[in-house]
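Colleague: So here's upload.cif (mmCIF, C-alpha atoms and all ligand atoms).
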data_model
#
loop_
_atom_site.label_atom_id
_atom_site.label_comp_id
_atom_site.auth_asym_id
_atom_site.auth_seq_id
_atom_site.Cartn_x
_atom_site.Cartn_y
_atom_site.Cartn_z
CA MET A 1 -5.30 24.46 -7.02
CA LYS A 2 -2.23 26.11 -5.46
CA SER A 3 -1.45 25.81 -1.78
CA ASN A 4 1.75 27.06 -0.17
CA SER A 5 3.45 27.03 -3.59
CA ILE A 6 2.58 23.33 -4.00
CA GLU A 7 0.40 22.43 -6.94
CA VAL A 8 -2.03 19.55 -6.35
CA ARG A 9 -3.44 17.98 -9.54
CA PRO A 10 -6.05 15.24 -9.01
CA VAL A 11 -5.59 12.34 -11.43
CA ALA A 12 -8.95 10.56 -11.06
CA GLY A 13 -12.38 11.03 -9.52
CA ALA A 14 -11.97 8.68 -6.55
CA LEU A 15 -8.40 9.23 -5.38
CA GLY A 16 -4.89 10.21 -6.38
CA ALA A 17 -3.16 13.54 -7.01
CA GLU A 18 0.17 14.62 -8.47
CA ILE A 19 2.06 17.08 -6.34
CA HIS A 20 4.26 19.61 -8.12
CA GLY A 21 6.64 22.21 -6.74
CA ILE A 22 8.40 20.04 -4.16
CA ASP A 23 11.92 18.65 -4.09
CA LEU A 24 11.73 15.92 -1.45
CA ALA A 25 15.53 15.71 -1.16
CA ASP A 26 15.41 19.22 0.42
CA SER A 27 14.03 19.18 3.95
CA LEU A 28 10.39 20.21 3.84
CA SER A 29 9.51 23.45 5.61
CA ASP A 30 6.68 23.16 8.15
CA GLU A 31 4.43 24.91 5.66
CA GLN A 32 5.35 22.48 2.87
CA PHE A 33 4.94 19.53 5.20
CA ASP A 34 1.44 20.70 6.18
CA ALA A 35 0.45 21.15 2.53
CA VAL A 36 1.75 17.70 1.53
CA HIS A 37 0.12 16.10 4.55
CA ARG A 38 -3.20 17.80 3.73
CA ALA A 39 -2.98 16.55 0.12
CA PHE A 40 -2.18 13.04 1.38
CA LEU A 41 -5.29 12.99 3.58
CA ASP A 42 -7.49 14.56 0.91
CA HIS A 43 -6.36 12.38 -2.01
CA GLN A 44 -5.29 9.13 -0.26
CA VAL A 45 -2.36 8.59 -2.63
CA ILE A 46 -0.05 11.33 -3.84
CA PHE A 47 2.50 11.20 -6.61
CA PHE A 48 5.73 13.11 -7.19
CA ARG A 49 7.88 13.26 -10.34
CA ASP A 50 11.59 13.72 -11.02
CA GLN A 51 12.80 13.17 -7.47
CA VAL A 52 16.36 12.13 -6.65
CA LEU A 53 16.56 10.18 -3.38
CA ASP A 54 19.37 8.01 -2.10
CA PRO A 55 18.43 5.45 0.57
CA ASP A 56 19.27 7.84 3.43
CA SER A 57 17.24 10.74 2.03
CA HIS A 58 14.38 8.35 1.24
CA LYS A 59 14.33 7.26 4.89
CA GLU A 60 14.53 10.91 5.97
CA VAL A 61 11.44 11.75 3.91
CA GLY A 62 9.65 8.81 5.51
CA ARG A 63 10.66 9.82 9.03
CA ARG A 64 9.12 13.24 8.51
CA PHE A 65 5.76 11.43 8.35
CA GLY A 66 6.28 8.73 10.98
CA ASP A 67 8.41 5.93 12.35
CA LEU A 68 9.75 3.46 9.79
CA ASN A 69 8.63 -0.16 9.69
CA ILE A 70 11.00 -3.06 9.02
CA HIS A 71 9.19 -5.63 6.89
CA GLY A 72 10.37 -8.74 8.69
CA TYR A 73 9.70 -11.26 5.90
CA TYR A 74 11.34 -9.86 2.74
CA GLU A 75 15.07 -9.33 2.51
CA SER A 76 15.93 -5.67 2.92
CA LEU A 77 18.36 -3.43 1.07
CA PRO A 78 21.85 -4.27 2.42
CA GLY A 79 22.73 -1.75 5.15
CA HIS A 80 19.18 -0.34 5.19
CA PRO A 81 16.75 -2.64 7.02
CA GLU A 82 13.98 -0.03 6.67
CA ILE A 83 14.11 -0.17 2.85
CA LEU A 84 12.26 -2.93 1.02
CA PRO A 85 13.71 -3.40 -2.46
CA VAL A 86 10.81 -4.09 -4.82
CA LEU A 87 12.89 -5.54 -7.64
CA LYS A 88 12.05 -7.59 -10.69
CA GLU A 89 14.88 -8.61 -12.99
CA PRO A 90 14.13 -9.36 -16.66
CA GLU A 91 14.23 -13.14 -16.14
CA ALA A 92 11.87 -13.14 -13.13
CA THR A 93 8.22 -13.91 -13.84
CA GLY A 94 6.68 -13.04 -10.47
CA ASN A 95 6.39 -9.59 -8.93
CA ILE A 96 5.68 -8.26 -5.46
CA GLY A 97 2.22 -6.85 -4.85
CA GLY A 98 0.47 -8.37 -7.87
CA VAL A 99 -2.83 -8.73 -6.06
CA TRP A 100 -5.13 -6.08 -4.55
CA HIS A 101 -3.94 -5.51 -0.98
CA SER A 102 -3.04 -3.10 1.78
CA ASP A 103 0.42 -3.54 3.26
CA VAL A 104 1.16 -5.69 6.33
CA THR A 105 -2.45 -5.83 7.60
CA TYR A 106 -1.55 -8.96 9.58
CA LEU A 107 0.25 -6.70 12.07
CA PRO A 108 -1.68 -5.59 15.17
CA GLU A 109 -0.85 -2.04 14.04
CA PRO A 110 -0.76 -2.13 10.22
CA ALA A 111 1.18 0.49 8.28
CA LEU A 112 0.07 4.11 8.04
CA GLY A 113 1.43 4.31 4.52
CA SER A 114 4.25 3.48 2.15
CA ILE A 115 6.52 5.64 0.03
CA LEU A 116 7.61 3.84 -3.14
CA TYR A 117 10.42 5.37 -5.22
CA ALA A 118 11.19 4.32 -8.82
CA LEU A 119 14.85 3.76 -9.68
CA GLU A 120 14.33 1.97 -13.01
CA VAL A 121 11.13 1.29 -14.90
CA PRO A 122 10.26 -0.76 -17.99
CA PRO A 123 9.60 1.12 -21.25
CA ALA A 124 5.90 0.27 -20.91
CA GLY A 125 3.89 -1.53 -18.24
CA GLY A 126 4.61 -1.93 -14.54
CA ASP A 127 1.95 0.61 -13.54
CA THR A 128 0.43 0.53 -10.08
CA MET A 129 -3.31 0.80 -9.43
CA PHE A 130 -4.84 2.21 -6.26
CA ALA A 131 -8.39 1.91 -4.95
CA SER A 132 -10.22 4.13 -2.48
CA GLN A 133 -11.61 2.13 0.39
CA TYR A 134 -13.65 5.17 1.47
CA ARG A 135 -15.54 5.00 -1.81
CA ALA A 136 -15.81 1.21 -1.58
CA TYR A 137 -17.48 1.54 1.84
CA GLU A 138 -19.59 4.62 1.10
CA SER A 139 -21.12 2.98 -1.99
CA LEU A 140 -22.53 0.02 -0.05
CA SER A 141 -26.25 -0.14 0.76
CA ASP A 142 -27.36 0.93 4.22
CA GLY A 143 -28.33 -2.69 4.88
CA MET A 144 -24.86 -4.00 4.08
CA LYS A 145 -23.21 -1.21 6.10
CA GLU A 146 -25.39 -2.19 9.06
CA MET A 147 -24.43 -5.85 8.71
CA LEU A 148 -20.70 -5.03 8.58
CA GLU A 149 -20.89 -2.80 11.66
CA GLY A 150 -19.14 -4.64 14.49
CA LEU A 151 -17.71 -7.44 12.30
CA ARG A 152 -14.01 -8.15 12.61
CA ALA A 153 -11.74 -10.15 10.29
CA ILE A 154 -8.63 -12.24 10.85
CA HIS A 155 -5.55 -11.19 8.88
CA SER A 156 -2.55 -13.50 8.58
CA SER A 157 1.04 -13.42 7.28
CA ASP A 158 0.83 -17.15 6.41
CA ILE A 159 1.63 -16.55 2.71
CA PHE A 160 5.13 -15.56 3.85
CA THR A 161 5.69 -18.40 6.32
CA ASN A 162 4.22 -21.42 4.56
CA LYS A 163 7.34 -23.13 3.22
CA ALA A 164 5.82 -24.41 -0.04
CA ARG A 165 4.35 -21.01 -0.89
CA ARG A 166 7.54 -19.21 0.09
CA ASP A 167 9.69 -21.53 -2.06
CA ALA A 168 7.29 -21.10 -4.99
CA ALA A 169 7.39 -17.30 -4.64
CA ASN A 170 11.17 -17.24 -4.31
CA SER A 171 11.58 -19.37 -7.45
CA ILE A 172 9.89 -16.72 -9.64
CA ARG A 173 10.72 -13.42 -7.89
CA THR A 174 13.87 -11.32 -7.54
CA THR A 175 13.32 -9.96 -4.03
CA LYS A 176 13.36 -13.01 -1.78
CA LEU A 177 11.37 -13.96 1.29
CA THR A 178 13.63 -14.93 4.18
CA GLU A 179 13.13 -18.08 6.22
CA VAL A 180 11.00 -16.68 9.01
CA ASP A 181 8.49 -19.23 10.23
CA GLU A 182 6.51 -17.22 12.76
CA THR A 183 3.06 -16.38 11.40
CA ILE A 184 1.43 -13.20 12.71
CA GLU A 185 -2.37 -13.03 12.97
CA SER A 186 -4.46 -10.05 13.96
CA SER A 187 -8.15 -9.30 14.19
CA HIS A 188 -9.26 -5.94 12.75
CA PRO A 189 -12.63 -4.30 12.18
CA VAL A 190 -14.01 -4.96 8.68
CA VAL A 191 -14.88 -1.27 8.53
CA ARG A 192 -12.37 1.03 10.17
CA THR A 193 -12.53 4.71 10.97
CA HIS A 194 -9.58 6.66 9.67
CA PRO A 195 -7.77 8.10 12.70
CA GLU A 196 -7.07 11.46 11.03
CA THR A 197 -10.05 12.12 8.75
CA GLY A 198 -12.75 10.37 10.80
CA ARG A 199 -14.12 8.78 7.59
CA LYS A 200 -15.12 5.11 7.48
CA CYS A 201 -13.53 2.73 4.99
CA LEU A 202 -13.45 -0.98 4.14
CA PHE A 203 -10.48 -2.80 5.66
CA VAL A 204 -10.26 -6.32 4.24
CA ASN A 205 -7.99 -7.45 1.42
CA GLY A 206 -7.40 -10.56 -0.67
CA ALA A 207 -3.75 -10.99 0.27
CA PHE A 208 -3.94 -11.13 4.05
CA THR A 209 -7.57 -11.43 5.22
CA ARG A 210 -8.47 -15.04 5.98
CA ARG A 211 -11.97 -15.06 7.49
CA ILE A 212 -14.51 -13.11 9.46
CA ASP A 213 -13.62 -13.37 13.15
CA GLY A 214 -15.84 -16.06 14.70
CA TRP A 215 -16.91 -17.49 11.29
CA THR A 216 -15.39 -20.44 9.42
CA ALA A 217 -13.35 -19.77 6.29
CA GLU A 218 -16.12 -21.34 4.20
CA GLU A 219 -18.80 -19.18 5.79
CA SER A 220 -16.64 -16.09 5.30
CA ARG A 221 -15.78 -16.65 1.64
CA PRO A 222 -18.95 -15.33 -0.07
CA LEU A 223 -18.94 -12.13 1.97
CA LEU A 224 -15.20 -11.57 1.59
CA ASP A 225 -15.34 -12.27 -2.16
CA PHE A 226 -18.10 -9.68 -2.48
CA LEU A 227 -16.10 -7.13 -0.46
CA TYR A 228 -12.92 -7.74 -2.49
CA ARG A 229 -14.87 -7.06 -5.71
CA GLN A 230 -16.41 -3.97 -4.16
CA ALA A 231 -12.97 -2.80 -2.99
CA ALA A 232 -11.55 -2.70 -6.51
CA LEU A 233 -14.43 -1.51 -8.71
CA PRO A 234 -12.95 0.58 -11.55
CA GLU A 235 -14.79 3.74 -10.41
CA PHE A 236 -12.89 3.64 -7.12
CA THR A 237 -9.42 3.39 -8.71
CA CYS A 238 -6.63 5.37 -10.29
CA ARG A 239 -3.62 4.09 -12.19
CA PHE A 240 -0.11 5.48 -11.95
CA ARG A 241 2.36 5.37 -14.83
CA TRP A 242 5.85 5.35 -13.38
CA GLN A 243 8.92 7.16 -14.64
CA GLN A 244 12.41 7.01 -13.19
CA GLY A 245 12.35 9.32 -10.13
CA SER A 246 8.59 9.00 -9.54
CA ILE A 247 7.22 8.49 -6.06
CA ALA A 248 3.86 7.16 -4.89
CA PHE A 249 2.98 7.81 -1.25
CA TRP A 250 -0.21 5.95 -0.32
CA ASP A 251 -2.35 6.01 2.77
CA ASN A 252 -2.45 2.33 3.65
CA ARG A 253 -5.36 2.86 6.06
CA CYS A 254 -7.89 3.78 3.37
CA THR A 255 -6.51 2.42 0.08
CA GLN A 256 -5.52 -0.82 -1.58
CA HIS A 257 -2.99 -1.15 -4.40
CA TYR A 258 -2.12 -3.60 -7.16
CA ALA A 259 1.22 -3.81 -8.99
CA LEU A 260 0.72 -4.84 -12.63
CA ASN A 261 3.02 -7.59 -13.82
CA ASP A 262 2.90 -6.89 -17.57
CA TYR A 263 6.51 -6.10 -18.51
CA GLN A 264 8.13 -9.49 -18.95
CA GLY A 265 11.77 -9.29 -20.02
CA TYR A 266 12.39 -5.82 -18.52
CA ARG A 267 13.81 -4.68 -15.23
CA ARG A 268 11.78 -2.72 -12.69
CA ALA A 269 13.56 -1.49 -9.55
CA MET A 270 11.88 0.39 -6.71
CA HIS A 271 12.64 1.13 -3.07
CA ARG A 272 9.85 1.22 -0.50
CA VAL A 273 9.82 2.68 2.97
CA THR A 274 6.79 1.88 5.10
CA LEU A 275 5.48 3.96 7.99
CA GLU A 276 4.29 2.45 11.24
CA GLY A 277 0.57 2.79 11.81
CA ASP A 278 -1.88 2.37 14.65
CA ARG A 279 -4.45 -0.17 15.82
CA PRO A 280 -7.52 0.03 13.54
CA VAL A 281 -10.78 0.99 15.24
C1 LIG B 301 3.85 -3.05 -3.26
O1 LIG B 301 2.86 -3.76 -3.14
O2 LIG B 301 4.30 -2.39 -2.33
C2 LIG B 301 4.52 -2.95 -4.61
C3 LIG B 301 3.86 -1.93 -5.46
C4 LIG B 301 4.55 -1.76 -6.78
O3 LIG B 301 5.60 -2.34 -7.01
O4 LIG B 301 4.03 -1.02 -7.60
#
Now, as a test, write the supplied structure out as structure tokens.
Ligand code: SIN

Modeller:
Amino acid sequence: MKSNSIEVRPVAGALGAEIHGIDLADSLSDEQFDAVHRAFLDHQVIFFRDQVLDPDSHKEVGRRFGDLNIHGYYESLPGHPEILPVLKEPEATGNIGGVWHSDVTYLPEPALGSILYALEVPPAGGDTMFASQYRAYESLSDGMKEMLEGLRAIHSSDIFTNKARRDAANSIRTTKLTEVDETIESSHPVVRTHPETGRKCLFVNGAFTRRIDGWTAEESRPLLDFLYRQAALPEFTCRFRWQQGSIAFWDNRCTQHYALNDYQGYRRAMHRVTLEGDRPV
């Protein structure tokens, strides 16, 4: 499919498309922006190859799509608070994002999306998987959809602020968590409606969701465990093989992602910019 000289090649049945014919370091024309934005909404995560972005041009690309978020818990790239370095040196054993999740869902207004740029990748491994939360929701029975209607869930940043967990993470990872002790909690609908497409999707994840609002953690666990499995069924996923200069731009409102940690002894270096989102409804 060609649109405005951009080629959009889907990579899987559920989500994901490679975009060809765009150099993101050149300012996008309005026509190009519209075509990329359309592909982003249609495919939920879009991929680019062979891009050359320094931190300033990376931020400029991000700003074309929205305001930039500052993570607040991870150390940022020196001189660029809006860039999260997703680094893993050969001797580190832990990675960032090695669990199915959407970014920063503990915020009252979680991210719209993130743009991850590969500076250095291992010879094999280090892929990222993505899962469509539209498909995860749409495949539920009518009875389950009815039960979820109106439920809200509590999301928390406690994995970043609990000292023991933070120290444990920092002892095995390259990018460090800073000593911020303030935990952020927010309540979001378990099923949200995407503000741009109007489609419904699941909005709970194993990294940040703690319980159903108004239920105990123990009462919540069976339902949340079921929804986490549903969220990441293989049929709802795609898997991206990185190369130096690759970019993944995911819609954080309707996808989850999982960074594979299967490249021990090699370096993987990425920069992420994250776009501010809105209050889920
Ligand atoms: C993340 O969760 O943002 C990291 C994803 C990755 O490194 O592939």

Colleague: Could you put an axis-aligned box around every listed atom of range 12-30 of chain A, padded by 6 Å on each side, and send me its centre and edge lengths in Å to one decimal, as lines of an AutoDock Vina configuration file?

Modeller:
center_x = 1.6
center_y = 16.1
center_z = -1.5
size_x = 39.9
size_y = 26.8
size_z = 31.2

Colleague: Check which residues fall inside 7 Å of ligand LIG 301 (chain B) when counting only C-alpha atoms and all ligand atoms, and print them as a list in words.

Modeller: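 The residues within 7 Å of ligand LIG 301 (chain B), counting only C-alpha atoms and all ligand atoms, are Val86, Ile96, Gly97, Asp103, Asp127, Thr128, His257, Tyr258, Ala259, Met270 and Arg272 of chain A.
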
Colleague: Residues near Glu146 in chain A, anyone? I mean within 12 Å using only C-alpha atoms, not counting same-chain ones fewer than 5 positions away, as number ranges by chain.

Modeller: A: 137-138, 140-141, 151, 190-191

Colleague: Dump as a tab-separated table the rows for residues of range 134-155 of chain A within 9 Å of range 203-214 of chain A: closest atom pair and distance in Å with one decimal, all atoms listed in the file counted, ordered by chain and rising residue number.

Modeller:
residue	atom	partner	partner_atom	distance
A:Leu151	CA	A:Ile212	CA	7.1
A:Arg152	CA	A:Asp213	CA	5.3
A:Ala153	CA	A:Ile212	CA	4.1
A:Ile154	CA	A:Arg211	CA	5.5
A:His155	CA	A:Thr209	CA	4.2

Colleague: As an exercise, work out the distance from CA of His271 in chain A to CA of Phe40 in chain A in Å and give it to one decimal place.

Modeller: 19.5 Å

Colleague: Counting all atoms listed in the file, give me one row per residue of range 132-208 of chain A with an atom at most 10 Å from an atom of range 9-22 of chain A, showing the shortest contact pair and its distance in Å to one decimal, sorted by chain then residue number, as JSON lines.

Modeller:
{"residue": "A:Ser132", "atom": "CA", "partner": "A:Leu15", "partner_atom": "CA", "distance": 6.1}
{"residue": "A:Gln133", "atom": "CA", "partner": "A:Ala14", "partner_atom": "CA", "distance": 9.5}
{"residue": "A:Tyr134", "atom": "CA", "partner": "A:Ala14", "partner_atom": "CA", "distance": 8.9}
{"residue": "A:Arg135", "atom": "CA", "partner": "A:Ala14", "partner_atom": "CA", "distance": 7.0}
{"residue": "A:Ala136", "atom": "CA", "partner": "A:Ala14", "partner_atom": "CA", "distance": 9.8}

Colleague: Residues within 10 Å of range 122-124 of chain A, please, as a list in words. Count only C-alpha atoms; anything in the same chain fewer than 3 positions from it doesn't count.

Modeller: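 Once the nearby chain positions are removed, what remains is Pro90, Asp127, Arg241, Trp242, Gln243, Gln244, Asp262, Tyr263, Gln264, Gly265, Tyr266, Arg267, Arg268 and Ala269 of chain A.
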
Colleague: I'd like the interatomic distance between CA of Leu87 in chain A and CA of Arg253 in chain A, to a tenth of an Å.

Modeller: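 Spanning CA of Leu87 in chain A to CA of Arg253 in chain A is a straight-line distance of 24.3 Å.
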
Colleague: Calculate how many Å separate CA of Glu185 in chain A from CA of Thr274 in chain A, rounding to one decimal.

Modeller: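 According to the coordinates, CA of Glu185 in chain A and CA of Thr274 in chain A are separated by 19.2 Å.
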
Colleague: Taking into account all atoms listed in the file, which residue in the set A:Glu109, A:Asp30, A:Glu149, A:Glu82 is nearest to Lys200 in chain A?

Modeller: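 Residue with the minimum atom-to-atom distance to Lys200 in chain A: A:Glu149.
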
Colleague: Nearest to Asp23 in chain A among A:Ser139, A:Ile247, A:Thr197, A:Thr183, with distances taken over all atoms listed in the file: which residue is it?

Modeller: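 Counting all atoms listed in the file, the residue closest to Asp23 in chain A is A:Ile247.
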
Colleague: Find the residue from A:Met129, A:Ala35, A:Ile46, A:Val180 that sits nearest to Val99 in chain A; use only C-alpha atoms when measuring.

Modeller: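 When distances to Val99 in chain A are compared using only C-alpha atoms, the smallest one comes from A:Met129.
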
Colleague: Of the candidates A:His188, A:Arg279, A:Lys145, A:Lys176, which shows the shortest atom-to-atom distance to Ala92 in chain A, using all atoms listed in the file?

Modeller: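 Using all atoms listed in the file, Ala92 in chain A sits closest to A:Lys176.
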
Colleague: Which one is closest to Ser157 in chain A: A:Leu116, A:Leu41, A:Ile184, A:Ala131? Count all atoms listed in the file.

Modeller: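 With all atoms listed in the file as the atom set, the closest residue is A:Ile184.
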
Colleague: I'd like to know which of A:Ser220, A:Gln51, A:Ser186, A:Thr161 is closest to Ser246 in chain A, using all atoms listed in the file.

Modeller: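 So, comparing all the options, the nearest one is A:Gln51.
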
Colleague: Write out as a list in words each polymer residue whose atoms come within 7 Å of range 112-114 of chain A, counting all atoms listed in the file; drop sequence neighbours fewer than 3 positions from it.

Modeller: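 What passes the distance filter is Phe249, Trp250, Asp251, Asn252, Arg253, Arg272, Val273, Thr274, Leu275, Glu276 and Gly277 of chain A.
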
Colleague: Convert the current residue selection to file output with C-alpha atoms, as an mmCIF file, in the coordinates of the input.

Modeller:
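Listed below is the output, out06.cif:
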data_model
loop_
_atom_site.group_PDB
_atom_site.id
_atom_site.type_symbol
_atom_site.label_atom_id
_atom_site.label_comp_id
_atom_site.auth_asym_id
_atom_site.auth_seq_id
_atom_site.Cartn_x
_atom_site.Cartn_y
_atom_site.Cartn_z
ATOM 1 C CA PHE A 249 2.980 7.810 -1.250
ATOM 2 C CA TRP A 250 -0.210 5.950 -0.320
ATOM 3 C CA ASP A 251 -2.350 6.010 2.770
ATOM 4 C CA ASN A 252 -2.450 2.330 3.650
ATOM 5 C CA ARG A 253 -5.360 2.860 6.060
ATOM 6 C CA ARG A 272 9.850 1.220 -0.500
ATOM 7 C CA VAL A 273 9.820 2.680 2.970
ATOM 8 C CA THR A 274 6.790 1.880 5.100
ATOM 9 C CA LEU A 275 5.480 3.960 7.990
ATOM 10 C CA GLU A 276 4.290 2.450 11.240
ATOM 11 C CA GLY A 277 0.570 2.790 11.810
#

Colleague: If we count only C-alpha atoms and set the cut-off at 10 Å, which residues sit around Glu179 in chain A, ignoring sequence neighbours fewer than 2 positions away in its own chain? Please answer as a VMD selection string.

Modeller: chain A and resid 73 to 75 160 to 163 166 to 167 176 to 177 181 to 182

Colleague: Please list as a list in words every residue within 8 Å of Pro280 in chain A, counting only C-alpha atoms and excluding residues in the same chain fewer than 6 positions away.

Modeller: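 Non-adjacent residues within range: Glu109, Pro110, His188, Pro189, Arg192, Thr193 and His194 of chain A.
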